[in-house]
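Notes follow the structure.
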Amino acid sequence: MQKVQQHAEREILAPISLCDSKGNLNPAAIGFSRKPLIDSNLSGHFMRKKKWNYWCVYGEDILFSATIRHIDYATICCVYFLDYETQRFFEKTVTIPLGQRVHMPNQVLETVKFSNNEMSVQLLHMQNETHMAVTISNFDGDLLHADLHIEHPEGDDSLNVVIPWNRQLFQHTAKHHTLPTRGFVKIGDKRYLFNPEESYAILDYGRGVWPRTASWHWAMASQRVGHKRIALNFGGKWTDGTGMTENAVFVNGKMSKISEDVIFTHDETDFMKPWHIKSKFSQDVNLTFTPFFKRESKLNARLVKSNVYQMVGYYNGVVYLQDGSRLAITQLLGSIEDHNAKW
């Protein structure tokens, strides 16, 4: 089957700066790369810059996530976990006004740290590995301690893309998938082990200048299926009409970039009903997502309002890769989200 695309996206092959000397978008940075080549040298844009490092780890027994976000006027740190079988779920968020103590680096793979008397999140990057250490003294009444070693395989591709709304509003997003993870998460007396053959982490790195209100869909999965590591990454709403997408499929670390927009369809009155993701013009992407758990996160502060509905469930369907080959997706564990923010 011949691959159909709405257009070709520019591939970046050499290191480049995201911004020019005035802090506006460097037009030469618009595109995508398979390695983290883009330097997020944000400056200016008082109170409008958004920076985050979101990690999600799919273990055999639990999903574990840690995020450090800096949105210029606040630092927001969030840790949550889900036990697939019992559906025990808990989420803890700490918000610090201004948040000047937290340094968010310009490069995708660099160390990020946050610590106060409620929560410590250390994301230490060195020698192709991220060491995630999280400690929370009161996590649903228990002590939480996570010690995870996340491998970044040298030969793997990653999705690094610059989304241009205009010269003053833009986003550099990096999605790094199927990162083998070993270690443990301990909550109270319960200890969950992570085996790198079956446990995979996803990094969602974001640096950009955003409009006051924003909405997006994000679909992702990173799992082993037989002898293959398979990952999906699809985005909607926020990239529509920009000429760039965050759509890609990974097989054993090799990325097949999808330049066509995708359409997310779901019942906004019942997020637990099946979702559908289809490519806008072709038949290249046709996926159904069936949730088994709903996470709802709402933040209503003075300057920030955020509603997140994140479903955990399974993908089924088909995706055609860049070379025209057909990739069948069967019961692939992942998540999907609907996010509306005023920030």
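By order in the structure tokens, chains are A, B, ...; within a chain, residues start at 1; ligands start at 1, following the order shown.
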(request) Write out as a list in words each polymer residue whose atoms come within 9 Å of Tyr54 of chain A, counting only C-alpha atoms; drop sequence neighbours fewer than 6 positions from it. (result)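 Here the qualifying residues turn out to be Ser65, Ala66, Thr67, Ile68, Arg69, Ile202, Leu203, Asp204, Tyr205 and Gly206 of chain A.
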(request) Would you mind telling me which residue in A:Ala341, A:Met132, A:Ala231, A:Ile71 lies nearest to His103 of chain A when using only C-alpha atoms? (result)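 Checking each of A:Ala341, A:Met132, A:Ala231, A:Ile71 against His103 of chain A, counting only C-alpha atoms, the winner is A:Ile71.
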(request) Compare A:Phe281, A:Trp216, A:Phe293, A:Phe32 by their minimum atom-to-atom distance to Leu82 of chain A, counting only C-alpha atoms, and give me the closest one. (result) A:Phe293
(message) Which residues are close to Asn106 of chain A, i.e. within 6 Å by only C-alpha atoms, leaving aside same-chain residues fewer than 6 positions away? Reply as number ranges by chain.
(response) A: 39-41
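Proximity to Leu159 of chain A was assessed for A:Ser279, A:Gln127, A:Thr265, A:Ser33 counting only C-alpha atoms; the smallest distance is recorded for A:Ser33.
Atom CA of Val185 of chain A is positioned 27.5 Å from atom CA of Thr173 of chain A.
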(message) Which of segment 35-169 of chain A end up as strand (DSSP E or B) when DSSP is run on this backbone - answer as a ChimeraX atom specification?
(response) /A:38-39,49-58,62-70,74-83,89-97,112-115,120-126,129-139,142-151,159-164
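The shortest atom-to-atom distance to Leu148 of chain A, with only C-alpha atoms taken into account, belongs to A:Ser199 out of A:Ser199, A:Gln107, A:Gln331, A:Ser215.
Considering the residues A:Gly155, A:Met311, A:Trp165, A:Glu9 and counting only C-alpha atoms, Gly253 of chain A has its shortest atom-to-atom contact with A:Gly155.
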(request) Using atom CA of Asn128 of chain A and atom CA of His152 of chain A as the two end points, give the distance in Å to one decimal. (result)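 Pair atom CA of Asn128 of chain A / atom CA of His152 of chain A returns 5.1 Å.
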(request) Go ahead and compute the interatomic distance for atom CA of Arg167 of chain A and atom CA of Lys49 of chain A, in Å to one decimal. (result) 13.7 Å
